[in-house]
Each structure stands twice: as C-alpha cells, then as structure tokens.
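A.B. asks: Sharing input01.txt below, compact mmCIF, C-alpha atoms:
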# COMPACT_ATOMS: atom_id res chain seq x y z
CA MET A 1 -84.98 2.60 -37.92
CA ASN A 2 -88.23 4.12 -36.61
CA ASN A 3 -90.03 7.00 -38.29
CA ASP A 4 -88.62 9.66 -35.96
CA ARG A 5 -84.98 8.72 -36.51
CA GLU A 6 -85.50 8.09 -40.20
CA CYS A 7 -87.10 11.51 -40.57
CA ALA A 8 -84.27 13.19 -38.63
CA ALA A 9 -81.69 11.40 -40.78
CA TYR A 10 -83.50 12.61 -43.90
CA PHE A 11 -83.40 16.25 -42.77
CA ARG A 12 -79.72 15.98 -41.74
CA SER A 13 -78.80 14.65 -45.15
CA ARG A 14 -80.32 17.60 -47.03
CA LYS A 15 -78.75 21.04 -46.61
CA ALA A 16 -81.88 22.76 -47.89
CA TYR A 17 -83.57 22.03 -44.54
CA GLU A 18 -80.67 23.09 -42.27
CA ARG A 19 -81.87 26.62 -41.47
CA CYS A 20 -85.46 25.50 -41.16
CA MET A 21 -84.55 22.80 -38.62
CA LYS A 22 -82.51 25.27 -36.53
CA GLU A 23 -85.53 27.55 -36.31
CA LEU A 24 -87.82 24.64 -35.40
CA LEU A 25 -85.43 23.70 -32.57
CA LYS A 26 -85.47 27.30 -31.29
CA LYS A 27 -89.27 27.37 -31.26
CA TRP A 28 -89.45 24.07 -29.38
CA LYS A 29 -87.01 25.38 -26.76
CA SER A 30 -89.15 28.50 -26.36
CA TYR A 31 -92.58 26.85 -26.19
CA GLY A 32 -91.98 23.15 -25.53
CA LYS A 33 -94.55 22.33 -28.22
CA THR A 34 -95.48 22.86 -31.86
CA ALA A 35 -96.02 26.63 -31.75
CA GLY A 36 -94.81 29.89 -33.20
CA ARG A 37 -94.11 31.29 -36.67
CA ILE A 38 -90.86 30.94 -38.55
CA THR A 39 -89.31 33.50 -40.89
CA LEU A 40 -86.37 32.71 -43.17
CA LYS A 41 -84.71 35.55 -45.08
CA GLN A 42 -82.65 35.43 -48.26
CA THR A 43 -83.67 31.85 -48.98
CA THR A 44 -82.38 29.94 -51.98
CA GLU A 45 -84.67 28.40 -54.58
CA GLU A 46 -83.69 24.99 -53.23
CA GLU A 47 -84.77 25.97 -49.68
CA ARG A 48 -88.09 27.38 -50.89
CA ARG A 49 -88.84 24.29 -52.94
CA ALA A 50 -87.90 21.87 -50.13
CA ILE A 51 -89.92 23.64 -47.41
CA GLY A 52 -92.83 24.38 -49.75
CA GLY A 53 -93.05 20.70 -50.57
CA ILE A 54 -93.76 19.92 -46.92
CA VAL A 55 -96.05 22.81 -45.94
CA GLY A 56 -97.97 22.49 -49.25
CA ARG A 57 -97.36 26.01 -50.53
CA ALA A 58 -95.25 27.56 -53.25
CA PHE A 59 -92.85 30.29 -52.11
CA TYR A 60 -91.72 32.91 -54.65
CA GLU A 61 -90.21 35.67 -52.46
CA GLU A 62 -86.76 35.33 -50.85
CA THR A 63 -88.27 35.92 -47.39
CA ILE A 64 -90.67 33.15 -46.47
CA HIS A 65 -93.05 32.70 -43.53
CA PHE A 66 -94.76 29.58 -42.22
CA SER A 67 -95.98 28.28 -38.88
CA PHE A 68 -94.54 25.37 -36.93
CA SER A 69 -97.96 23.68 -36.97
CA GLU A 70 -98.12 23.99 -40.79
CA PHE A 71 -94.77 22.24 -41.06
CA GLU A 72 -95.86 19.44 -38.71
CA LYS A 73 -99.19 18.88 -40.47
CA GLY A 74 -97.44 18.72 -43.82
CA LEU A 75 -94.86 16.30 -42.45
CA GLN A 76 -97.64 13.97 -41.28
CA LYS A 77 -98.77 13.65 -44.92
CA THR A 78 -95.39 12.35 -46.05
CA ARG A 79 -93.89 8.87 -45.80
CA PHE A 80 -92.80 9.87 -42.26
CA ALA A 81 -96.43 9.94 -41.13
CA SER A 82 -97.10 9.54 -37.39
CA VAL A 83 -93.77 11.20 -36.67
CA ASN A 84 -93.36 12.55 -33.10
CA MET A 85 -91.94 16.06 -33.50
CA GLU A 86 -90.20 16.15 -30.13
CA LYS A 87 -88.47 12.80 -30.65
CA MET A 88 -87.61 13.65 -34.24
CA LEU A 89 -86.04 16.97 -33.18
CA GLU A 90 -84.11 15.22 -30.40
CA ALA A 91 -82.81 12.70 -32.92
CA TYR A 92 -81.86 15.56 -35.27
CA ALA A 93 -80.04 17.48 -32.48
CA GLY A 94 -78.49 14.33 -31.01
CA LYS A 95 -79.60 15.19 -27.49
CA SER A 96 -82.72 15.49 -25.37
CA LEU A 97 -84.54 18.79 -25.73
CA LYS A 98 -85.34 21.03 -22.81
CA THR A 99 -87.27 24.26 -22.95
CA ASN A 100 -85.65 27.50 -21.90
CA ARG A 101 -87.90 27.53 -18.85
CA GLU A 102 -86.77 24.03 -17.86
CA LEU A 103 -83.13 25.04 -18.31
CA GLN A 104 -83.67 28.15 -16.18
CA GLU A 105 -85.34 26.10 -13.44
CA GLU A 106 -82.49 23.60 -13.44
CA ASP A 107 -79.95 26.42 -13.32
CA GLN A 108 -81.80 28.07 -10.42
CA PHE A 109 -81.90 24.73 -8.59
CA ARG A 110 -78.11 24.36 -9.01
CA ARG A 111 -77.51 27.89 -7.76
CA GLU A 112 -79.64 27.41 -4.66
CA LYS A 113 -77.95 24.09 -4.01
CA PHE A 114 -74.60 25.89 -4.29
CA LEU A 115 -75.69 28.43 -1.66
CA LYS A 116 -77.20 25.82 0.68
CA THR A 117 -74.14 23.57 0.43
CA ASN A 118 -71.94 26.44 1.53
CA GLN A 119 -74.40 27.45 4.23
CA PHE A 120 -74.16 23.90 5.62
CA TYR A 121 -70.36 24.18 5.41
CA PHE A 122 -70.35 27.30 7.60
CA ARG A 123 -72.93 25.91 10.01
CA GLU A 124 -70.58 22.97 10.58
CA LYS A 125 -67.53 25.22 10.78
CA ALA A 126 -68.82 28.12 12.90
CA GLY A 127 -72.40 27.38 13.93
CA ALA A 128 -75.81 28.75 12.98
CA ASP A 129 -75.16 31.89 15.08
CA SER A 130 -72.13 32.86 13.01
CA LEU A 131 -72.26 35.87 10.70
CA ALA A 132 -71.21 33.71 7.77
CA PHE A 133 -74.20 31.38 8.20
CA GLN A 134 -76.61 34.29 8.68
CA TRP A 135 -75.17 36.13 5.67
CA ILE A 136 -75.86 33.13 3.40
CA GLU A 137 -79.34 32.83 4.87
CA GLU A 138 -79.92 36.46 3.85
CA LEU A 139 -78.55 35.76 0.36
CA LEU A 140 -81.08 32.96 -0.04
CA SER A 141 -84.07 34.87 1.32
CA SER A 142 -83.61 38.42 0.03
CA LYS A 143 -81.22 37.98 -2.94
CA LYS A 144 -79.21 40.95 -1.59
CA TYR A 145 -75.78 41.60 -0.03
CA GLY A 146 -73.76 40.19 -2.92
CA TYR A 147 -76.22 37.66 -4.37
CA SER A 148 -76.07 39.04 -7.94
CA LEU A 149 -72.28 39.35 -7.83
CA LEU A 150 -71.90 35.80 -6.53
CA MET A 151 -74.29 34.38 -9.13
CA ARG A 152 -72.41 36.20 -11.89
CA GLU A 153 -69.14 34.62 -10.72
CA TYR A 154 -70.89 31.24 -10.42
CA GLY A 155 -71.96 31.56 -14.05
CA LYS A 156 -68.35 32.12 -15.09
CA ASP A 157 -66.69 29.41 -12.99
CA ALA A 158 -68.51 27.48 -10.24
CA LEU A 159 -65.31 26.31 -8.51
CA GLN A 160 -63.80 29.79 -8.50
CA ALA A 161 -67.07 31.21 -7.16
CA GLU A 162 -67.06 28.69 -4.32
CA GLU A 163 -63.50 29.69 -3.40
CA ILE A 164 -64.46 33.39 -3.30
CA PHE A 165 -67.61 32.52 -1.34
CA ARG A 166 -65.80 30.51 1.32
CA HIS A 167 -62.94 32.99 1.71
CA THR A 168 -65.50 35.76 2.22
CA GLY A 169 -67.42 33.68 4.77
CA ARG A 170 -64.16 33.00 6.63
CA ALA A 171 -63.48 36.74 6.51
CA LEU A 172 -66.73 37.37 8.40
CA ILE A 173 -65.69 34.79 11.01
CA LYS A 174 -62.30 36.51 11.29
CA LEU A 175 -63.98 39.89 11.77
CA GLU A 176 -65.99 38.47 14.69
CA GLU A 177 -62.74 37.31 16.29
CA MET A 178 -61.11 40.70 15.68
CA GLU A 179 -64.05 42.51 17.27
CA THR A 180 -63.73 40.38 20.40
CA SER A 181 -59.98 40.96 20.69
CA GLY A 182 -60.00 44.60 19.54
CA GLU A 183 -57.42 43.68 16.88
CA GLU A 184 -56.80 45.73 13.73
CA LEU A 185 -55.19 44.35 10.57
CA PRO A 186 -53.91 45.94 7.35
CA LEU A 187 -56.02 44.83 4.38
CA ALA A 188 -53.07 43.01 2.78
CA VAL A 189 -52.33 41.06 5.98
CA PHE A 190 -56.03 40.27 6.45
CA ALA A 191 -56.25 38.95 2.87
CA ALA A 192 -53.02 36.94 3.10
CA GLU A 193 -54.12 35.24 6.32
CA LEU A 194 -57.31 34.01 4.68
CA SER A 195 -56.19 33.28 1.12
CA ASP A 196 -52.35 33.40 1.00
CA ASN A 197 -52.75 36.31 -1.44
CA PRO A 198 -52.28 39.82 0.01
CA HIS A 199 -54.21 41.33 -2.92
CA TYR A 200 -57.14 38.91 -2.74
CA PHE A 201 -59.60 41.42 -1.26
CA ASP A 202 -58.31 44.49 -3.12
CA ARG A 203 -60.93 47.00 -4.16
CA GLY A 204 -62.34 46.15 -7.58
CA THR A 205 -61.67 42.40 -7.45
CA ALA A 206 -64.62 39.99 -7.28
CA ALA A 207 -63.54 38.86 -3.80
CA GLY A 208 -63.04 42.47 -2.68
CA LEU A 209 -66.50 43.45 -3.88
CA LEU A 210 -68.11 40.42 -2.22
CA LEU A 211 -66.32 41.23 1.04
CA VAL A 212 -67.79 44.75 0.92
CA HIS A 213 -71.28 43.28 0.44
CA ALA A 214 -70.75 40.90 3.37
CA ILE A 215 -69.50 43.71 5.64
CA CYS A 216 -72.51 45.83 4.64
CA PHE A 217 -74.72 42.92 5.76
CA ARG A 218 -72.87 42.84 9.07
CA GLU A 219 -73.10 46.61 9.54
CA LYS A 220 -76.63 46.91 8.09
CA ARG A 221 -75.64 49.76 5.79
CA GLY A 222 -75.64 50.60 2.09
CA LEU A 223 -72.79 50.02 -0.31
CA PRO A 224 -70.00 52.64 -0.32
CA GLU A 225 -70.33 55.07 -3.20
CA ASN A 226 -66.69 56.14 -3.42
CA THR A 227 -63.16 55.33 -2.25
CA HIS A 228 -63.51 57.34 0.94
CA GLU A 229 -66.69 55.52 2.00
CA TRP A 230 -65.07 52.18 1.10
CA ARG A 231 -62.10 53.05 3.30
CA GLU A 232 -64.39 54.14 6.15
CA LEU A 233 -66.37 50.87 5.89
CA LEU A 234 -63.23 48.75 6.22
CA GLU A 235 -61.80 50.87 9.03
CA ASP A 236 -65.07 50.56 10.98
CA VAL A 237 -64.58 46.78 11.18
CA GLY A 238 -60.86 46.90 11.97
CA ILE A 239 -59.40 46.49 8.46
CA VAL A 240 -56.85 49.17 7.58
CA PRO A 241 -56.58 49.86 3.82
CA ASP A 242 -53.43 51.12 2.10
CA ASN A 243 -52.51 54.34 3.88
CA ILE A 244 -49.82 55.60 1.50
CA SER A 245 -51.54 56.23 -1.84
CA SER A 246 -54.23 58.42 -0.22
CA GLN A 247 -52.55 61.80 0.21
CA VAL A 248 -53.07 65.56 0.20
CA HIS A 249 -50.64 68.43 -0.36
CA VAL A 250 -50.66 71.09 2.37
CA CYS A 251 -49.00 74.36 3.26
CA GLY A 252 -49.31 76.41 6.47
CA LEU A 253 -50.75 73.58 8.53
CA ARG A 254 -50.04 72.39 12.07
CA LEU A 255 -50.69 68.80 13.11
CA LYS A 256 -50.80 67.58 16.68
CA LYS A 257 -49.74 64.09 17.68
CA GLY A 258 -50.93 63.24 21.16
CA GLU A 259 -50.37 66.35 23.27
CA SER A 260 -47.58 67.89 21.15
CA TRP A 261 -47.36 69.48 17.74
CA HIS A 262 -45.74 67.09 15.28
CA PRO A 263 -42.08 68.22 14.93
CA ALA A 264 -41.74 67.27 11.24
CA TYR A 265 -44.81 69.24 10.17
CA GLU A 266 -43.88 72.08 12.51
CA ALA A 267 -40.65 72.47 10.49
CA PHE A 268 -42.59 72.77 7.23
CA TYR A 269 -45.02 75.15 8.95
CA GLU A 270 -42.27 77.42 10.30
CA ASN A 271 -40.53 77.58 6.92
CA GLY A 272 -43.79 78.16 5.02
CA GLU A 273 -43.06 75.19 2.76
CA PRO A 274 -45.59 72.79 1.24
CA CYS A 275 -45.49 69.09 2.05
CA VAL A 276 -47.47 65.87 1.57
CA VAL A 277 -49.67 64.26 4.22
CA THR A 278 -50.77 60.63 3.74
CA MET A 279 -53.36 58.58 5.58
CA GLU A 280 -50.46 56.81 7.27
CA ASN A 281 -49.21 60.16 8.60
CA LEU A 282 -52.69 60.94 9.92
CA LYS A 283 -53.01 57.66 11.79
CA ASP A 284 -51.94 59.07 15.16
CA ILE A 285 -52.88 62.72 14.60
CA THR A 286 -55.27 64.16 17.18
CA GLU A 287 -55.72 67.74 15.95
CA ALA A 288 -55.12 70.00 12.95
CA LYS A 289 -54.86 73.79 13.07
CA ALA A 290 -55.12 76.32 10.23
CA ILE A 291 -53.71 79.87 10.25
CA ASP A 292 -56.40 82.36 11.29
CA ASN A 293 -58.83 79.41 11.37
CA GLN A 294 -59.19 79.64 7.59
CA VAL A 295 -58.20 76.98 5.06
CA TYR A 296 -58.16 77.43 1.29
CA VAL A 297 -58.69 74.21 -0.66
CA VAL A 298 -57.93 73.97 -4.38
CA GLU A 299 -58.44 71.12 -6.81
CA ASN A 300 -55.39 71.46 -9.06
CA GLU A 301 -51.66 71.07 -8.37
CA MET A 302 -50.60 73.97 -10.57
CA VAL A 303 -52.95 76.35 -8.74
CA PHE A 304 -51.58 75.10 -5.41
CA SER A 305 -47.98 75.68 -6.57
CA TYR A 306 -48.85 79.19 -7.76
CA LEU A 307 -50.59 80.17 -4.53
CA THR A 308 -47.82 78.79 -2.33
CA SER A 309 -44.95 80.34 -4.35
CA SER A 310 -42.77 82.91 -2.56
CA GLU A 311 -43.85 85.74 -4.87
CA LYS A 312 -47.57 85.33 -4.22
CA LYS A 313 -47.68 83.79 -0.77
CA LYS A 314 -49.28 85.20 2.34
CA ALA A 315 -49.19 83.36 5.66
CA CYS A 316 -52.22 81.11 5.18
CA THR A 317 -53.26 77.46 5.08
CA ILE A 318 -53.74 75.93 1.64
CA LEU A 319 -54.64 72.33 0.71
CA CYS A 320 -54.59 70.64 -2.69
CA THR A 321 -56.84 67.62 -3.30
CA SER A 322 -55.50 66.76 -6.80
CA GLY A 323 -58.97 66.13 -8.15
CA GLN A 324 -61.45 63.93 -6.34
CA LEU A 325 -61.37 64.12 -2.54
CA ARG A 326 -59.27 61.26 -1.25
CA SER A 327 -59.63 59.86 2.23
CA ALA A 328 -56.58 61.75 3.51
CA ALA A 329 -58.11 65.06 2.40
CA VAL A 330 -61.50 64.25 3.94
CA LYS A 331 -59.96 63.16 7.22
CA LEU A 332 -57.77 66.25 7.41
CA LEU A 333 -60.70 68.55 6.63
CA ASP A 334 -62.70 66.77 9.32
CA PHE A 335 -59.98 67.67 11.84
CA LEU A 336 -59.93 71.29 10.64
CA VAL A 337 -63.71 71.71 10.76
CA LYS A 338 -63.78 70.28 14.28
CA SER A 339 -61.15 72.84 15.25
CA GLY A 340 -63.53 75.62 14.11
CA ALA A 341 -61.88 76.43 10.77
CA SER A 342 -63.77 77.85 7.81
CA VAL A 343 -63.10 76.03 4.54
CA TYR A 344 -62.98 77.92 1.24
CA TYR A 345 -63.14 75.46 -1.67
CA SER A 346 -62.35 76.26 -5.29
CA GLY A 347 -62.22 73.82 -8.20
CA ASP A 348 -62.82 73.60 -11.92
CA THR A 349 -66.21 74.83 -13.10
CA ASP A 350 -67.02 71.68 -15.02
CA PRO A 351 -69.45 68.88 -14.02
CA ASP A 352 -66.82 66.93 -12.07
CA GLY A 353 -65.44 70.03 -10.33
CA LEU A 354 -68.89 71.21 -9.30
CA GLY A 355 -69.68 67.70 -8.09
CA ILE A 356 -66.62 67.63 -5.80
CA ALA A 357 -67.50 71.04 -4.34
CA ASP A 358 -71.13 70.03 -3.81
CA ARG A 359 -70.25 66.79 -2.00
CA LEU A 360 -67.79 68.64 0.23
CA TRP A 361 -70.45 71.23 1.09
CA GLN A 362 -73.04 68.53 1.79
CA LYS A 363 -70.63 66.80 4.16
CA PHE A 364 -69.51 69.86 6.16
CA GLN A 365 -72.41 72.24 5.47
CA ALA A 366 -71.93 75.74 6.94
CA SER A 367 -68.18 75.24 7.46
CA VAL A 368 -67.63 75.12 3.67
CA HIS A 369 -67.77 78.21 1.48
CA ILE A 370 -67.81 77.87 -2.31
CA TRP A 371 -64.94 79.98 -3.62
CA ARG A 372 -64.74 81.39 -7.15
CA MET A 373 -67.18 78.89 -8.65
CA GLY A 374 -70.14 81.18 -9.39
CA PRO A 375 -71.50 82.12 -12.85
CA GLU A 376 -69.16 85.16 -13.23
CA ASP A 377 -66.14 83.05 -12.35
CA TYR A 378 -67.28 80.41 -14.83
CA GLU A 379 -67.37 82.98 -17.62
CA LYS A 380 -63.83 84.13 -16.75
CA SER A 381 -62.49 80.58 -16.56
CA LEU A 382 -64.21 79.36 -19.73
CA SER A 383 -62.18 77.08 -22.02
CA GLY A 384 -62.81 75.59 -25.44
CA GLU A 385 -63.28 72.07 -24.10
CA ALA A 386 -66.76 70.70 -24.71
CA VAL A 387 -68.90 69.12 -22.01
CA GLY A 388 -70.68 65.98 -23.26
CA ARG A 389 -74.18 64.75 -22.46
CA PHE A 390 -72.92 62.44 -19.70
CA GLY A 391 -71.20 65.39 -18.04
CA LEU A 392 -74.32 67.53 -18.36
CA ALA A 393 -76.37 64.77 -16.73
CA LYS A 394 -74.14 64.99 -13.63
CA LEU A 395 -75.27 68.58 -13.10
CA GLU A 396 -78.75 67.36 -12.17
CA GLN A 397 -77.43 66.01 -8.84
CA LEU A 398 -76.16 69.34 -7.48
CA LYS A 399 -77.69 70.78 -4.29
CA HIS A 400 -75.73 73.98 -3.50
CA PRO A 401 -77.64 77.02 -4.85
CA VAL A 402 -74.58 78.81 -6.32
CA LEU A 403 -73.35 75.63 -8.00
CA ARG A 404 -76.81 74.97 -9.41
CA GLU A 405 -76.80 78.50 -10.86
CA THR A 406 -73.40 77.89 -12.44
CA ALA A 407 -74.67 74.60 -13.80
CA GLU A 408 -77.30 76.51 -15.81
CA TYR A 409 -74.51 78.46 -17.54
CA ILE A 410 -72.62 75.22 -18.27
CA ARG A 411 -75.77 73.72 -19.83
CA ARG A 412 -76.06 76.77 -22.03
CA GLU A 413 -72.39 77.03 -23.09
CA LYS A 414 -71.60 73.29 -22.97
CA LYS A 415 -67.98 74.22 -22.19
CA ALA A 416 -65.72 73.54 -19.20
CA GLY A 417 -64.20 76.25 -17.01
CA TYR A 418 -60.76 75.72 -15.49
CA GLN A 419 -59.36 76.96 -12.21
CA GLU A 420 -56.00 77.77 -13.84
CA ASN A 421 -57.69 80.69 -15.65
CA LEU A 422 -58.44 82.39 -12.30
CA LEU A 423 -54.96 82.39 -10.73
CA GLU A 424 -54.77 86.16 -10.17
CA GLU A 425 -58.28 86.33 -8.72
CA LEU A 426 -57.59 83.45 -6.30
CA ALA A 427 -54.33 85.02 -5.15
CA LYS A 428 -56.01 88.40 -4.58
CA ASP A 429 -58.76 86.78 -2.54
CA ILE A 430 -56.18 85.26 -0.21
CA GLN A 431 -54.29 88.56 0.08
CA LYS A 432 -57.51 90.22 1.25
Rewrite the structure of this file - the entire thing - as structure tokens.

C.D. replies:
Amino acid sequence: MNNDRECAAYFRSRKAYERCMKELLKKWKSYGKTAGRITLKQTTEEERRAIGGIVGRAFYEETIHFSFSEFEKGLQKTRFASVNMEKMLEAYAGKSLKTNRELQEEDQFRREKFLKTNQFYFREKAGADSLAFQWIEELLSSKKYGYSLLMREYGKDALQAEEIFRHTGRALIKLEEMETSGEELPLAVFAAELSDNPHYFDRGTAAGLLLVHAICFREKRGLPENTHEWRELLEDVGIVPDNISSQVHVCGLRLKKGESWHPAYEAFYENGEPCVVTMENLKDITEAKAIDNQVYVVENEMVFSYLTSSEKKKACTILCTSGQLRSAAVKLLDFLVKSGASVYYSGDTDPDGLGIADRLWQKFQASVHIWRMGPEDYEKSLSGEAVGRFGLAKLEQLKHPVLRETAEYIRREKKAGYQENLLEELAKDIQK
C-alpha cells in the first residue's frame, strides 16, 4: 500500500478525523489545491488532540481554527511523509476529485450538447429555415425564450426535458403549417395531436410555459403578464384556449351576431334579467350595445345582484367581473368601447381592487371613468381587514391620479375598503 492510500486508510479508521476530512474535501473542491481556512465548532477533546497532533498546536477551546496548508505541512512530518494531498483525498473519498468549477464546466458542456443535439434533430426533421431550428439557435446564443426554464427541467430529469423540448419544437412546426392553411385549433386538440395528452400544454405546466416562450420568440414579443394576455398570445397564432371558464355576468346588454341581434341575449335584455356570457359565446359576436351608451362595471357578485334586483333596478347596462378581469370581460368591454360606450368602473378600495381599476383605465383610457373609488369613498367603505406590506407595495404601480390619491389613504390606514359598504351610493349614482 502506498503512502497516499495508507494515509487515507488511517484517517478513515479514526472517527476523530471525520469532520476534519470532510472540510478538507470541501476546500479542495472549492480551490483545487491546498488553500483556505477550516473552522470546526463544538469539537470533542479527542478531535482537538488528534488534529493538534498533526498541525503541531494544542487546542483548548471547543471551536478550533487551522489552515489547510498547516494540516498538510504537519502531515508531511509524520510517517506518511511525501503524501500527495489530492491522491490521498481521492483515496479517502473513494472517487476522483473535481473542483466545483470543473463540475460546472462539465455540466455546462452537457447542457449545450443537449441543446445542439436537439437543434440537429430539428434541422434534419424540418430544415435550418424552420422556426424550431431558429428558436434553438436563439436559446444557444442569447439564453432567452425559455432557456432558464428548459435548463431547470434538464436539471430535474434530462429525458423528461428532452421530451418537453421536442414537443415544443414540433409545436412551432405545427404553427407554421397552421399559418399556411389558416387553420385554428383548440388548445386541447393542439396538445393531443402533438403529445397524445390534451392537457400537455395547459397554462402553468412546464410544457405550457415553454410553448409560451417559443411563441414569444416567433412573435418577437414579451411574455404575457396575465391570463388575458396569455389567451391573446395563443389566439394570435391560431390556438384557441378554453372558452368556457372565462365568463362575465351581464344585465341590460345587447349582442349582435353577424347582422342580427342575438335572439337568446335579446330575450334576457327585453326581460331585464342578468345572464352569463362566456368566451365561447363571444366567438361569433360582432357588436355589443349598452343602454344609453353607458356601462357600469362592478367587481363583486353581491353588488351586481343588488344593483340588478327589481327593487333597485333602472334600465341600464351592468357587468360583473368577479374579481380580476377575465378575457371574456376584456373582450366584451372592447366591443362596448368601440361602440362609443362610456365605462364606469367600481371595485374594492384595496390594493388588488385599485390595481384592476388602474389596468382597465390604462387599457381603455378616456373611455373608462373611475367610479366610487376616491378617498371619500374609501373612508366610507373602510373595513377592519389589514393590508400587509406586500399589498402596500402593489400601490406603487398605480398610474391613475384618483387611485394614487386613494392609495395614500390606504398607506396611512393600512385597511381595506369594500364595495359592499357602498351599495346605496352605487345605486343612487345609477338612478341619477
């Protein structure tokens, strides 16, 4: 047995050196040489005596400090003299040692090989002019358009990452074919055709997120920031998301299909009854019309029910978004604004409610009027529910001057205001 192996065997056979050797291995991985200082806390007398015997010092405190070079120099004065630290540590660990930098370089090489292998696959399958090939080229050069996501999945499971990668590349090839033919496909059908799983590209899945990145590369645009923008992105390339779950409650609204008013919604309109409109219902709609070219939009279902009840109701158009603006609500409001309608929006005077109102105003500008969300309304609607620091941080993003003024009151009170506390005021406004 040579000195290196004999020395390693000696250290393995004595528990007093176990923690010391682990720290020496860590330092070697960090520096690739005899370097760095080692600190051991809550040492036993046996550990202090064993390590002190090598470094040539007596340790009395439970926390001890010594340098790697001290340990090596001391070791060279023992019967293991002329020991090679790297070979000894490799013998101790039972494997060859690589520095963290070497491991990172090897990992980076494997990742680039993974990308280039799949780039070659798509060049053979669809040619160097294909979107799939060009997308991977962009991943390699700029590290954008899904690179971080793909590398994260690669770190979890390389085979699974390759499957997601290739399905997404095939999706880009499919989109090119759809553009040529003018075809549109529901998201579930699109996913099933490529992967046999109708939910493969659902929003929030790794494959769904990577598909969004790939489409953004194709369209040369930024990532969608919300569900509505995600839906718009898919629709722009001929993929139709689920059109049922996105819905808005309405009352006093006329919808035109082609050249005629939609008979089903005309019945609800004539009877003054509320109903639900989904994205699927809006698919073939060409126009929307509000009574007196005014539409009142509220955030909460209870407020909507109160305002549309027979006791309080006036002939008017009211919409309920049920919180965040879904695609159906945005699309319907787009129709109404184009028809010349003025939109009066009222929501909770809390950070989320103000955020919804502000985004709606930014989208439609002068067509949107903030309704009952000023400082006085906030004081009337005040509740006992606290607004946390994350909520308060959201207020910094507001642009509308009235909402920014209300935000100052929220910062001061640190309480939420709720629309349900302004029912009478909202009803009186509509009666006027």

A.B. asks: Which residue gives the smallest distance to Asp358 in chain A among A:Ser342, A:Gln397, A:Thr205, A:Asn271, with all atoms listed in the file counted?

C.D. replies: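 Selected residue with least distance to Asp358 in chain A: A:Gln397.
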
A.B. asks: Quick one: distance from CA of Ser67 in chain A to CA of Ala35 in chain A in Å, one decimal?

C.D. replies: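 Atom-to-atom, CA of Ser67 in chain A and CA of Ala35 in chain A are spaced 7.3 Å apart.
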
A.B. asks: Can you tell me how far CA of Ser141 in chain A sits from CA of Phe120 in chain A, in Å to one decimal?

C.D. replies: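 Answer for the CA of Ser141 in chain A to CA of Phe120 in chain A separation: 15.4 Å.
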
A.B. asks: Go ahead and compute the interatomic distance for CA of Tyr344 in chain A and CA of His228 in chain A, in Å to one decimal.

C.D. replies: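 Between CA of Tyr344 in chain A and CA of His228 in chain A the gap is 20.6 Å.
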
A.B. asks: Write out as a VMD selection string the residues lying within 10 Å of range 49-60 of chain A, counting only C-alpha atoms and excluding same-chain residues fewer than 3 positions away.

C.D. replies: chain A and resid 14 to 17 20 43 to 46 63 to 78

A.B. asks: Compare A:Arg48, A:Lys113, A:Lys98, A:His199 by their minimum atom-to-atom distance to Ser30 in chain A, counting only C-alpha atoms, and give me the closest one.

C.D. replies: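 So, comparing all the options, the nearest one is A:Lys98.
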
A.B. asks: Nearest residue to Leu336 in chain A out of A:Val297, A:Ile164, A:Ala393, A:Val303, using all atoms listed in the file?

C.D. replies: A:Val297

A.B. asks: Give me the residues within 12 Å of Asn3 in chain A as a list in words, counting all atoms listed in the file and dropping any in the same chain fewer than 3 places off.

C.D. replies: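 Final neighbour list, sorted by chain and number: Glu6, Cys7, Ala8, Ala9, Tyr10, Leu75, Gln76, Thr78, Arg79, Phe80, Ala81, Ser82, Val83, Asn84, Met85, Lys87, Met88, Leu89 and Ala91 of chain A.
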